[in-house]
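So this block is model-v7.txt, compact mmCIF, C-alpha atoms and all ligand atoms:
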# COMPACT_ATOMS: atom_id res chain seq x y z
CA MET W 13 31.64 41.63 0.08
CA HIS W 14 27.97 40.93 -0.51
CA GLU W 15 25.77 38.99 1.88
CA VAL W 16 23.17 36.49 0.68
CA VAL W 17 20.94 34.26 2.79
CA GLY W 18 19.95 30.76 1.87
CA ASN W 19 18.97 27.30 2.91
CA MET W 20 20.89 24.28 1.66
CA HIS W 21 19.01 21.15 2.73
CA MET W 22 15.45 20.30 1.69
CA HIS W 23 13.43 17.66 -0.09
CA THR W 24 10.90 17.62 -2.92
CA ARG W 25 8.54 14.96 -4.22
CA TYR W 26 11.51 13.44 -6.03
CA SER W 27 12.30 11.88 -2.64
CA ASP W 28 10.23 12.25 0.55
CA GLY W 29 9.20 15.93 0.40
CA GLU W 30 5.69 17.22 -0.25
CA LYS W 31 6.20 19.94 -2.86
CA TRP W 32 7.87 20.40 -6.24
CA HIS W 33 10.85 22.65 -6.91
CA ALA W 34 8.81 25.58 -8.28
CA GLU W 35 6.46 25.54 -5.26
CA ILE W 36 9.35 25.45 -2.79
CA ALA W 37 10.93 28.39 -4.63
CA GLN W 38 7.72 30.39 -3.97
CA ASP W 39 8.03 29.58 -0.25
CA ALA W 40 11.68 30.67 -0.28
CA ILE W 41 10.72 34.01 -1.87
CA ALA W 42 8.02 34.49 0.77
CA ALA W 43 10.63 33.87 3.48
CA GLY W 44 13.01 36.40 1.94
CA LEU W 45 15.79 33.95 0.99
CA ASP W 46 18.23 34.75 -1.81
CA PHE W 47 19.05 31.14 -2.69
CA ILE W 48 18.08 27.55 -1.88
CA ILE W 49 19.80 24.26 -2.64
CA VAL W 50 17.47 21.29 -3.00
CA THR W 51 19.00 18.01 -1.77
CA ASP W 52 16.76 15.06 -2.51
CA HIS W 53 17.72 11.65 -1.11
CA ASN W 54 19.86 9.66 -3.53
CA ILE W 55 18.78 11.52 -6.64
CA TRP W 56 20.49 14.39 -8.40
CA VAL W 57 17.69 16.20 -10.24
CA ASP W 58 19.02 17.85 -13.37
CA GLY W 59 17.33 20.64 -15.35
CA VAL W 60 15.54 22.63 -12.64
CA GLU W 61 18.24 25.09 -11.57
CA GLY W 62 17.65 28.78 -12.17
CA TYR W 63 15.91 31.89 -10.90
CA TYR W 64 12.28 31.57 -9.85
CA ALA W 65 10.37 34.85 -9.52
CA ASN W 66 7.01 36.33 -8.57
CA GLU W 67 5.80 39.86 -7.77
CA GLN W 68 7.45 39.64 -4.32
CA GLY W 69 10.95 38.92 -5.66
CA ARG W 70 13.13 36.12 -6.90
CA VAL W 71 15.23 33.27 -5.58
CA LEU W 72 18.06 31.26 -7.08
CA LEU W 73 17.35 27.53 -6.89
CA LEU W 74 20.34 25.16 -7.12
CA VAL W 75 20.43 21.40 -6.84
CA GLY W 76 22.63 19.22 -4.65
CA GLU W 77 22.01 15.77 -3.25
CA GLU W 78 21.68 14.02 0.13
CA VAL W 79 23.27 10.62 -0.29
CA HIS W 80 23.13 7.57 1.98
CA ASN W 81 23.28 3.81 1.61
CA PRO W 82 19.65 2.59 1.53
CA ARG W 83 20.75 -1.00 2.21
CA ARG W 84 22.20 -0.30 5.63
CA GLN W 85 19.98 -0.43 8.73
CA PRO W 86 19.33 2.11 10.13
CA GLN W 87 19.83 4.20 6.99
CA ALA W 88 22.28 6.52 8.75
CA SER W 89 25.38 8.48 7.60
CA HIS W 90 23.72 11.07 5.39
CA PHE W 91 26.06 13.10 3.20
CA LEU W 92 25.22 16.46 1.62
CA ALA W 93 26.91 17.19 -1.72
CA TYR W 94 26.94 20.57 -3.48
CA GLY W 95 28.30 21.39 -6.91
CA ALA W 96 29.25 17.83 -7.88
CA GLU W 97 27.13 18.03 -11.04
CA LYS W 98 26.58 14.31 -11.25
CA GLU W 99 24.67 11.47 -9.65
CA LEU W 100 26.52 10.32 -6.50
CA ALA W 101 24.13 7.65 -5.20
CA PRO W 102 26.12 4.76 -6.80
CA PHE W 103 28.98 5.56 -4.38
CA ALA W 104 26.79 5.55 -1.27
CA ALA W 105 28.00 2.18 0.02
CA ASP W 106 31.53 3.55 0.50
CA PRO W 107 31.43 6.91 2.34
CA GLN W 108 35.11 7.68 1.65
CA ARG W 109 34.61 7.07 -2.07
CA LEU W 110 31.52 9.28 -1.93
CA ILE W 111 33.58 12.12 -0.44
CA ASP W 112 36.39 11.59 -2.94
CA GLU W 113 34.02 11.53 -5.95
CA THR W 114 32.35 14.73 -4.73
CA LYS W 115 35.70 16.49 -4.43
CA ALA W 116 37.06 15.14 -7.72
CA THR W 117 34.31 16.96 -9.61
CA GLY W 118 34.95 20.22 -7.77
CA GLY W 119 32.04 19.75 -5.39
CA TYR W 120 31.77 20.17 -1.62
CA GLY W 121 30.60 17.60 0.88
CA PHE W 122 29.17 17.89 4.39
CA LEU W 123 28.24 15.31 7.03
CA ALA W 124 24.50 15.88 7.49
CA HIS W 125 23.05 16.00 11.05
CA PRO W 126 26.17 14.18 12.31
CA HIS W 127 24.95 13.72 15.90
CA GLU W 128 21.45 12.82 17.06
CA LEU W 129 19.95 11.38 20.24
CA PRO W 130 19.37 7.62 20.17
CA GLU W 131 16.07 6.26 18.90
CA SER W 132 13.04 6.39 21.22
CA SER W 133 10.59 3.49 21.38
CA LEU W 134 7.86 6.14 21.79
CA LEU W 135 8.63 7.95 18.53
CA ASP W 136 8.69 6.74 14.96
CA ALA W 137 11.96 8.41 13.96
CA PRO W 138 15.06 6.45 12.95
CA TYR W 139 18.55 7.21 14.28
CA LEU W 140 20.29 8.96 11.37
CA ALA W 141 23.54 10.25 12.88
CA TRP W 142 26.87 9.86 11.06
CA GLN W 143 28.45 6.44 11.73
CA ASP W 144 31.49 6.22 9.46
CA TRP W 145 33.99 8.27 11.46
CA HIS W 146 37.04 6.96 9.62
CA VAL W 147 36.34 9.28 6.66
CA GLU W 148 38.39 12.35 5.84
CA GLY W 149 38.53 15.09 3.27
CA TYR W 150 34.98 16.34 3.65
CA THR W 151 34.37 20.10 3.47
CA GLY W 152 32.54 20.32 6.75
CA LEU W 153 29.69 19.58 9.09
CA GLU W 154 26.02 20.43 9.09
CA LEU W 155 26.25 22.06 12.51
CA TRP W 156 22.58 22.84 13.01
CA ASN W 157 19.71 21.05 11.29
CA TYR W 158 16.29 22.31 12.44
CA MET W 159 14.33 19.08 11.89
CA SER W 160 17.00 16.88 13.45
CA ASN W 161 17.19 19.29 16.41
CA PHE W 162 13.40 19.23 16.78
CA LEU W 163 13.31 15.41 16.81
CA ASP W 164 16.07 15.44 19.46
CA VAL W 165 13.91 17.76 21.57
CA VAL W 166 11.02 15.30 21.33
CA LYS W 167 13.27 12.30 22.10
CA ALA W 168 14.77 14.08 25.13
CA HIS W 169 11.31 14.86 26.55
CA LEU W 170 10.02 11.33 25.94
CA ALA W 171 13.11 9.85 27.61
CA ARG W 172 12.24 11.82 30.77
CA LEU W 173 8.65 10.50 30.96
CA PRO W 174 8.28 8.07 33.90
CA VAL W 175 7.07 4.63 32.76
CA GLN W 176 3.62 5.09 34.29
CA TRP W 177 3.17 8.32 32.32
CA ARG W 178 4.07 6.90 28.94
CA TRP W 179 0.47 7.27 27.82
CA LEU W 180 1.33 10.98 27.73
CA ALA W 181 3.88 10.49 24.95
CA LYS W 182 1.53 11.58 22.17
CA VAL W 183 0.30 14.64 24.06
CA THR W 184 3.92 15.57 24.82
CA ALA W 185 4.87 15.26 21.15
CA VAL W 186 1.89 17.41 20.10
CA TYR W 187 2.76 20.08 22.65
CA LEU W 188 6.36 20.19 21.46
CA ALA W 189 5.33 20.21 17.80
CA LEU W 190 3.05 23.19 18.41
CA ASN W 191 5.74 25.12 20.33
CA PRO W 192 9.08 24.33 18.71
CA SER W 193 10.59 27.78 19.33
CA LYS W 194 10.38 27.25 23.10
CA PHE W 195 12.65 24.20 22.83
CA ILE W 196 15.09 24.79 19.96
CA THR W 197 18.11 26.17 21.79
CA ARG W 198 21.45 25.40 20.13
CA PRO W 199 23.25 22.90 17.90
CA HIS W 200 24.07 19.43 19.20
CA PRO W 201 26.97 19.87 21.69
CA ASP W 202 28.83 16.88 20.22
CA THR W 203 28.90 18.53 16.78
CA LEU W 204 30.23 21.77 18.28
CA ALA W 205 32.89 19.80 20.18
CA LEU W 206 33.87 17.86 17.05
CA TRP W 207 34.18 21.10 15.08
CA ASP W 208 36.48 22.60 17.74
CA LYS W 209 38.56 19.42 17.79
CA LEU W 210 39.02 19.41 13.99
CA LEU W 211 39.89 23.13 13.96
CA SER W 212 42.39 22.62 16.83
CA GLU W 213 44.05 19.88 14.77
CA GLY W 214 44.48 22.37 11.94
CA LYS W 215 41.77 20.81 9.76
CA ARG W 216 39.85 23.57 8.06
CA THR W 217 36.23 22.63 8.59
CA VAL W 218 33.24 24.60 7.33
CA VAL W 219 29.87 24.50 9.06
CA VAL W 220 26.43 25.09 7.55
CA GLY W 221 22.95 25.37 9.09
CA ASN W 222 19.79 24.16 7.42
CA SER W 223 16.10 23.35 7.59
CA ASP W 224 15.95 19.78 6.23
CA ALA W 225 12.44 20.78 5.15
CA HIS W 226 10.07 18.05 3.92
CA GLY W 227 6.68 19.70 4.55
CA THR W 228 5.40 16.44 6.03
CA PRO W 229 1.77 16.36 7.25
CA MET W 230 1.41 14.63 10.63
CA ARG W 231 -1.67 13.55 12.53
CA PHE W 232 -1.74 13.52 16.33
CA GLY W 233 -5.24 12.28 17.25
CA PRO W 234 -7.63 15.08 16.29
CA ILE W 235 -4.81 17.48 15.40
CA ALA W 236 -3.43 17.43 11.86
CA ARG W 237 -0.45 19.63 11.15
CA ILE W 238 2.32 20.07 8.67
CA ILE W 239 5.56 19.58 10.61
CA TYR W 240 6.85 22.06 9.45
CA PRO W 241 5.93 24.06 6.32
CA TYR W 242 8.82 25.00 4.06
CA ASP W 243 8.33 28.73 4.55
CA PHE W 244 8.32 28.35 8.36
CA LEU W 245 11.62 26.48 8.24
CA PHE W 246 13.13 28.98 5.79
CA ARG W 247 12.68 31.62 8.50
CA ALA W 248 14.49 29.53 11.11
CA ILE W 249 18.06 28.24 10.68
CA ASN W 250 19.83 29.47 7.54
CA THR W 251 23.32 29.84 6.13
CA HIS W 252 24.51 33.37 5.31
CA LEU W 253 27.22 33.71 2.67
CA MET W 254 29.62 36.55 1.93
CA LEU W 255 30.14 36.76 -1.84
CA SER W 256 33.06 38.45 -3.56
CA GLU W 257 30.67 40.04 -6.09
CA PRO W 258 26.91 40.70 -6.09
CA LEU W 259 24.58 38.21 -7.76
CA ASN W 260 23.78 39.49 -11.27
CA GLY W 261 20.96 37.17 -12.33
CA ASP W 262 23.10 34.95 -14.56
CA LEU W 263 22.76 31.34 -13.41
CA ALA W 264 26.31 30.18 -14.16
CA HIS W 265 27.92 33.29 -12.66
CA ASP W 266 25.79 33.32 -9.53
CA LYS W 267 26.09 29.58 -8.96
CA ARG W 268 29.87 29.84 -9.12
CA LEU W 269 29.90 32.63 -6.51
CA ILE W 270 27.62 30.76 -4.14
CA LEU W 271 29.45 27.43 -4.38
CA SER W 272 32.80 29.14 -3.91
CA ALA W 273 31.62 30.88 -0.72
CA ILE W 274 30.22 27.57 0.58
CA GLY W 275 33.51 25.79 -0.05
CA LYS W 276 35.66 28.49 1.53
CA GLY W 277 33.45 28.87 4.58
CA ARG W 278 32.75 32.52 3.92
CA SER W 279 29.60 32.05 5.93
CA TRP W 280 27.82 31.69 9.21
CA VAL W 281 24.88 29.76 10.57
CA GLY W 282 22.09 32.07 11.72
CA TYR W 283 19.01 31.27 13.81
CA ASP W 284 17.09 33.97 11.96
CA MET W 285 13.80 33.17 13.67
CA ALA W 286 15.18 34.44 16.98
CA ALA W 287 16.28 37.67 15.22
CA PRO W 288 17.60 38.31 11.71
CA THR W 289 21.37 37.75 11.57
CA ARG W 290 21.75 39.76 8.35
CA GLY W 291 24.46 42.33 8.91
CA PHE W 292 26.69 40.24 11.19
CA ARG W 293 30.35 40.85 10.34
CA PHE W 294 33.56 39.12 11.45
CA THR W 295 36.76 40.61 10.04
CA GLY W 296 40.46 40.55 10.69
CA GLN W 297 43.04 43.12 9.82
CA GLY W 298 46.70 43.90 10.21
CA LEU W 299 49.21 43.85 7.38
CA THR W 300 46.61 41.79 5.54
CA LYS W 301 42.84 41.97 5.74
CA GLY W 302 40.14 39.35 5.52
CA GLY W 303 36.65 38.30 6.41
CA VAL W 304 35.07 35.11 7.62
CA GLY W 305 36.64 32.06 5.94
CA ASP W 306 39.82 33.96 5.03
CA GLU W 307 43.42 33.82 6.21
CA VAL W 308 44.86 36.87 7.96
CA ARG W 309 48.52 37.33 8.89
CA LEU W 310 49.25 37.18 12.60
CA ASP W 311 51.41 40.28 12.83
CA VAL W 312 51.68 42.43 15.98
CA GLY W 313 48.98 44.80 14.78
CA ALA W 314 46.45 42.13 13.83
CA THR W 315 42.97 42.58 15.28
CA LEU W 316 39.77 40.60 15.03
CA GLN W 317 36.53 42.55 14.94
CA ILE W 318 32.99 41.34 15.41
CA LYS W 319 29.82 43.34 14.79
CA THR W 320 26.30 42.02 15.39
CA PRO W 321 23.04 43.47 14.01
CA GLN W 322 21.62 43.70 17.53
CA LYS W 323 22.86 43.29 21.11
CA ALA W 324 24.00 39.77 21.87
CA ASN W 325 26.33 37.75 24.06
CA ILE W 326 29.39 37.41 21.83
CA ARG W 327 32.16 34.85 22.30
CA LEU W 328 35.35 34.48 20.31
CA ILE W 329 36.63 30.88 20.42
CA HIS W 330 40.12 29.55 19.68
CA GLN W 331 40.96 25.85 20.07
CA GLY W 332 37.71 25.26 21.92
CA LYS W 333 38.38 28.01 24.50
CA VAL W 334 36.70 31.41 24.84
CA VAL W 335 39.47 33.99 24.37
CA ALA W 336 37.26 37.09 24.40
CA LYS W 337 33.64 37.83 25.19
CA ALA W 338 31.13 40.64 25.49
CA GLU W 339 27.72 40.48 27.19
CA ASN W 340 24.76 42.29 25.65
CA GLU W 341 26.90 44.19 23.16
CA THR W 342 27.01 44.77 19.41
CA HIS W 343 30.83 44.86 19.11
CA LEU W 344 33.84 42.86 20.23
CA THR W 345 37.48 43.47 19.31
CA HIS W 346 40.38 41.18 20.14
CA ILE W 347 44.13 41.23 19.56
CA PRO W 348 45.13 37.63 18.86
CA VAL W 349 48.57 36.34 19.86
CA GLU W 350 48.32 32.76 18.62
CA GLU W 351 47.90 31.22 15.19
CA GLY W 352 44.93 29.10 14.25
CA ALA W 353 41.21 29.20 13.65
CA TYR W 354 39.14 31.78 15.53
CA ARG W 355 35.39 31.31 15.40
CA VAL W 356 32.50 33.37 16.80
CA GLU W 357 29.41 32.30 18.68
CA CYS W 358 26.59 34.67 19.63
CA SER W 359 23.51 34.05 21.72
CA ILE W 360 20.42 36.13 22.48
CA LEU W 361 17.30 35.92 24.60
CA TYR W 362 14.33 34.55 22.67
CA GLU W 363 11.10 32.91 23.87
CA GLY W 364 12.19 33.30 27.48
CA ALA W 365 15.62 31.68 27.29
CA GLU W 366 19.10 32.13 25.90
CA ARG W 367 19.40 30.69 22.38
CA GLY W 368 22.29 30.07 20.06
CA TRP W 369 21.95 32.75 17.39
CA ILE W 370 25.10 33.00 15.24
CA TYR W 371 27.79 30.35 14.66
CA SER W 372 30.40 31.88 12.38
CA ASN W 373 32.96 29.99 10.38
CA PRO W 374 36.50 30.87 11.41
CA ILE W 375 39.06 33.41 10.34
CA TYR W 376 42.44 31.62 10.11
CA LEU W 377 45.41 33.48 11.59
CA VAL W 378 48.60 32.33 9.93
ZN ZN R 401 19.25 13.31 6.36
ZN ZN R 402 17.41 15.60 4.56

Just give me the structure of the file as structure tokens.
Amino acid sequence: MHEVVGNMHMHTRYSDGEKWHAEIAQDAIAAGLDFIIVTDHNIWVDGVEGYYANEQGRVLLLVGEEVHNPRRQPQASHFLAYGAEKELAPFAADPQRLIDETKATGGYGFLAHPHELPESSLLDAPYLAWQDWHVEGYTGLELWNYMSNFLDVVKAHLARLPVQWRWLAKVTAVYLALNPSKFITRPHPDTLALWDKLLSEGKRTVVVGNSDAHGTPMRFGPIARIIYPYDFLFRAINTHLMLSEPLNGDLAHDKRLILSAIGKGRSWVGYDMAAPTRGFRFTGQGLTKGGVGDEVRLDVGATLQIKTPQKANIRLIHQGKVVAKAENETHLTHIPVEEGAYRVECSILYEGAERGWIYSNPIYLV
């Protein structure tokens, strides 16, 4: 298997981002990514996919779409589509139809930033969580979205400000914006709980982690800043894929490999800013063998093995419960006795506190 690192949620000037595709590709190369998928709001941009290169390297740029119904208020329930190869915005008013249309074309769909804190009167940021919980058949959940997480951090701090200190709201927001790494800790607990619930019910559910980069300039009094530049976010929360073959530079071939790994959940979410997660491995073996996203037979000799690129607190989770763990280790082995999805969570110390680091998609014991 061959590991590639990418980011699958970002915006260009075609919607509300600040840069064009070719410029974002340069930022992705600078950050060391292998691929990016651009997901403008309600527009599928055709004709820009391909390899973009400079003297530092190259990156594969693919195009997906982030779809929502612009007529609903707030404009919540954002849906990320990959590999659909057509414009999906006309289906936005009916989220189930949107999912079905995505699947019918061979594409994969994810609920974007499904949980967020409620709106704050002190912050100009709409509530964009998923609302249409009756839907089914989606590929998975965007477990960790950096920008959504950052806005939650700001909302949580503003909510704790006593009324008489509300004049401090702007200063608080500036402080948080200048020090995001001190406050980004883990994905939204409701999204983790939902994922465990779906897996416990036998619903195979893939998670991805993304930047949601826009490159938006913000002004806080005398301080003007880009919150946050594309290349900063491309070094933060990424999705790592395990491909069945190496990328060979051919667009159609490489795109097929990447989309297939996304759909099967041969992947994990890595907070690469805390420490690179390249090299993490989660495998199962007995009479049959497999890696993350695969099925492995639950025979008496079956084992699950986890290896991390540096020491971490490792937890193996089955039906929402920790069934094995290791503190400050690089390896964990477990002999499973029950069928079902087994997923891995790792945390490490970073910026003075324990941070979520790796959230691996499951291996399915059958
Ligand atoms: Zn969104
Ligand atoms: Zn977005």

Exercise for the section: Go through W:Arg216, W:Leu140, W:Phe294, W:His226 one by one, measure the shortest atom-to-atom distance of each to Gln87 of chain W using only C-alpha atoms, and give the residue with the smallest value. Expected result: W:Leu140

Problem - All residues 12 Å or closer to His21 of chain W, all atoms listed in the file, same chain fewer than 5 positions away omitted, as a ChimeraX atom specification - result: /W:29,36,47-53,73-79,90-94,122-125,154,156-160,220-226,242,245-246,249-251

Excluding Thr315 of chain W and any residue of its chain fewer than 5 positions from it, enumerate the residues within 9 Å of it, using all atoms listed in the file, and give them as a tab-separated table (two decimals) with C-alpha atoms, in the frame of the given file.
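Wrote it out as part.tsv, contents follow:
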chain	number	residue	atom	x	y	z
W	295	THR	CA	36.76	40.61	10.04
W	296	GLY	CA	40.46	40.55	10.69
W	297	GLN	CA	43.04	43.12	9.82
W	298	GLY	CA	46.70	43.90	10.21
W	310	LEU	CA	49.25	37.18	12.60
W	345	THR	CA	37.48	43.47	19.31
W	346	HIS	CA	40.38	41.18	20.14
W	347	ILE	CA	44.13	41.23	19.56
W	348	PRO	CA	45.13	37.63	18.86

Handout entry: Coordinates-based distance that separates atom CA of Val335 of chain W from atom CA of Val304 of chain W (Å, one decimal)
Key =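 Spanning atom CA of Val304 of chain W to atom CA of Val335 of chain W is a straight-line distance of 17.4 Å.
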
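Every protein, DNA or RNA residue with an atom at most 10 Å from Ala101 of chain W, where all atoms listed in the file count and chain neighbours fewer than 2 positions away do not, is listed here: His53, Asn54, Ile55, Trp56, Glu77, Glu78, Val79, His80, Asn81, Pro82, Lys98, Glu99, Phe103, Ala104, Ala105 and Leu110 of chain W.
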
Practice task
Return the single residue from W:Ala88, W:Leu263, W:Val186, W:Leu180 that is closest to ligand ZN 402 (chain R), with distances computed using all atoms listed in the file.
Solution key: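 Of W:Ala88, W:Leu263, W:Val186, W:Leu180, the one nearest ligand ZN 402 (chain R), counting all atoms listed in the file, is W:Ala88.
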
Exercise for the section: Go ahead and compute the interatomic distance for atom CA of Pro126 of chain W and atom CA of Tyr362 of chain W, in Å to one decimal. Expected result: 25.7 Å

Problem - Selected residue, from W:Asn161, W:Ser89, W:Ser133, W:Asn340, that lies nearest to ligand ZN 401 (chain R) when counting all atoms listed in the file - result: W:Ser89

Mind filling out segment 37-68 of chain W with N, CA and C atoms and sending it as a JSON list (two decimals), keeping the file's coordinate frame?
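The resulting file, out.json, is shown below:
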[["chain", "number", "residue", "atom", "x", "y", "z"],
["W", 37, "ALA", "N", 10.32, 27.09, -4.30],
["W", 37, "ALA", "CA", 10.93, 28.39, -4.63],
["W", 37, "ALA", "C", 9.99, 29.53, -4.20],
["W", 38, "GLN", "N", 8.68, 29.36, -4.39],
["W", 38, "GLN", "CA", 7.72, 30.39, -3.97],
["W", 38, "GLN", "C", 7.81, 30.59, -2.45],
["W", 39, "ASP", "N", 7.92, 29.49, -1.72],
["W", 39, "ASP", "CA", 8.03, 29.58, -0.25],
["W", 39, "ASP", "C", 9.32, 30.28, 0.16],
["W", 40, "ALA", "N", 10.39, 30.03, -0.60],
["W", 40, "ALA", "CA", 11.68, 30.67, -0.28],
["W", 40, "ALA", "C", 11.60, 32.18, -0.53],
["W", 41, "ILE", "N", 10.90, 32.58, -1.60],
["W", 41, "ILE", "CA", 10.72, 34.01, -1.87],
["W", 41, "ILE", "C", 9.92, 34.65, -0.73],
["W", 42, "ALA", "N", 8.86, 33.97, -0.32],
["W", 42, "ALA", "CA", 8.02, 34.49, 0.77],
["W", 42, "ALA", "C", 8.84, 34.68, 2.04],
["W", 43, "ALA", "N", 9.81, 33.79, 2.27],
["W", 43, "ALA", "CA", 10.63, 33.87, 3.48],
["W", 43, "ALA", "C", 11.80, 34.85, 3.33],
["W", 44, "GLY", "N", 11.96, 35.40, 2.14],
["W", 44, "GLY", "CA", 13.01, 36.40, 1.94],
["W", 44, "GLY", "C", 14.39, 35.82, 1.67],
["W", 45, "LEU", "N", 14.47, 34.54, 1.26],
["W", 45, "LEU", "CA", 15.79, 33.95, 0.99],
["W", 45, "LEU", "C", 16.29, 34.39, -0.39],
["W", 46, "ASP", "N", 17.61, 34.43, -0.53],
["W", 46, "ASP", "CA", 18.23, 34.75, -1.81],
["W", 46, "ASP", "C", 18.50, 33.50, -2.64],
["W", 47, "PHE", "N", 18.78, 32.38, -1.95],
["W", 47, "PHE", "CA", 19.05, 31.14, -2.69],
["W", 47, "PHE", "C", 18.61, 29.93, -1.86],
["W", 48, "ILE", "N", 18.32, 28.84, -2.56],
["W", 48, "ILE", "CA", 18.08, 27.55, -1.88],
["W", 48, "ILE", "C", 18.81, 26.47, -2.67],
["W", 49, "ILE", "N", 19.22, 25.42, -1.96],
["W", 49, "ILE", "CA", 19.80, 24.26, -2.64],
["W", 49, "ILE", "C", 18.97, 23.04, -2.23],
["W", 50, "VAL", "N", 18.35, 22.44, -3.23],
["W", 50, "VAL", "CA", 17.47, 21.29, -3.00],
["W", 50, "VAL", "C", 18.33, 20.02, -2.99],
["W", 51, "THR", "N", 18.11, 19.18, -1.98],
["W", 51, "THR", "CA", 19.00, 18.01, -1.77],
["W", 51, "THR", "C", 18.16, 16.76, -1.59],
["W", 52, "ASP", "N", 17.57, 16.27, -2.65],
["W", 52, "ASP", "CA", 16.76, 15.06, -2.51],
["W", 52, "ASP", "C", 17.63, 13.85, -2.18],
["W", 53, "HIS", "N", 17.00, 12.86, -1.52],
["W", 53, "HIS", "CA", 17.72, 11.65, -1.11],
["W", 53, "HIS", "C", 18.07, 10.81, -2.32],
["W", 54, "ASN", "N", 19.37, 10.60, -2.52],
["W", 54, "ASN", "CA", 19.86, 9.66, -3.53],
["W", 54, "ASN", "C", 19.35, 9.91, -4.94],
["W", 55, "ILE", "N", 19.08, 11.19, -5.24],
["W", 55, "ILE", "CA", 18.78, 11.52, -6.64],
["W", 55, "ILE", "C", 19.23, 12.95, -6.92],
["W", 56, "TRP", "N", 20.05, 13.07, -7.95],
["W", 56, "TRP", "CA", 20.49, 14.39, -8.40],
["W", 56, "TRP", "C", 19.55, 14.78, -9.54],
["W", 57, "VAL", "N", 18.73, 15.79, -9.28],
["W", 57, "VAL", "CA", 17.69, 16.20, -10.24],
["W", 57, "VAL", "C", 18.27, 17.27, -11.16],
["W", 58, "ASP", "N", 18.42, 16.93, -12.40],
["W", 58, "ASP", "CA", 19.02, 17.85, -13.37],
["W", 58, "ASP", "C", 17.92, 18.65, -14.07],
["W", 59, "GLY", "N", 18.25, 19.88, -14.48],
["W", 59, "GLY", "CA", 17.33, 20.64, -15.35],
["W", 59, "GLY", "C", 16.36, 21.56, -14.64],
["W", 60, "VAL", "N", 16.49, 21.74, -13.34],
["W", 60, "VAL", "CA", 15.54, 22.63, -12.64],
["W", 60, "VAL", "C", 16.22, 23.85, -12.03],
["W", 61, "GLU", "N", 17.54, 23.94, -12.18],
["W", 61, "GLU", "CA", 18.24, 25.09, -11.57],
["W", 61, "GLU", "C", 17.88, 26.38, -12.30],
["W", 62, "GLY", "N", 17.88, 27.48, -11.55],
["W", 62, "GLY", "CA", 17.65, 28.78, -12.17],
["W", 62, "GLY", "C", 16.95, 29.71, -11.21],
["W", 63, "TYR", "N", 16.65, 30.90, -11.70],
["W", 63, "TYR", "CA", 15.91, 31.89, -10.90],
["W", 63, "TYR", "C", 14.42, 31.62, -11.03],
["W", 64, "TYR", "N", 13.73, 31.67, -9.90],
["W", 64, "TYR", "CA", 12.28, 31.57, -9.85],
["W", 64, "TYR", "C", 11.79, 32.90, -9.29],
["W", 65, "ALA", "N", 10.79, 33.49, -9.92],
["W", 65, "ALA", "CA", 10.37, 34.85, -9.52],
["W", 65, "ALA", "C", 8.85, 34.94, -9.40],
["W", 66, "ASN", "N", 8.41, 35.89, -8.59],
["W", 66, "ASN", "CA", 7.01, 36.33, -8.57],
["W", 66, "ASN", "C", 7.02, 37.82, -8.24],
["W", 67, "GLU", "N", 5.85, 38.40, -7.99],
["W", 67, "GLU", "CA", 5.80, 39.86, -7.77],
["W", 67, "GLU", "C", 6.54, 40.28, -6.49],
["W", 68, "GLN", "N", 6.74, 39.32, -5.58],
["W", 68, "GLN", "CA", 7.45, 39.64, -4.32],
["W", 68, "GLN", "C", 8.97, 39.67, -4.50]]
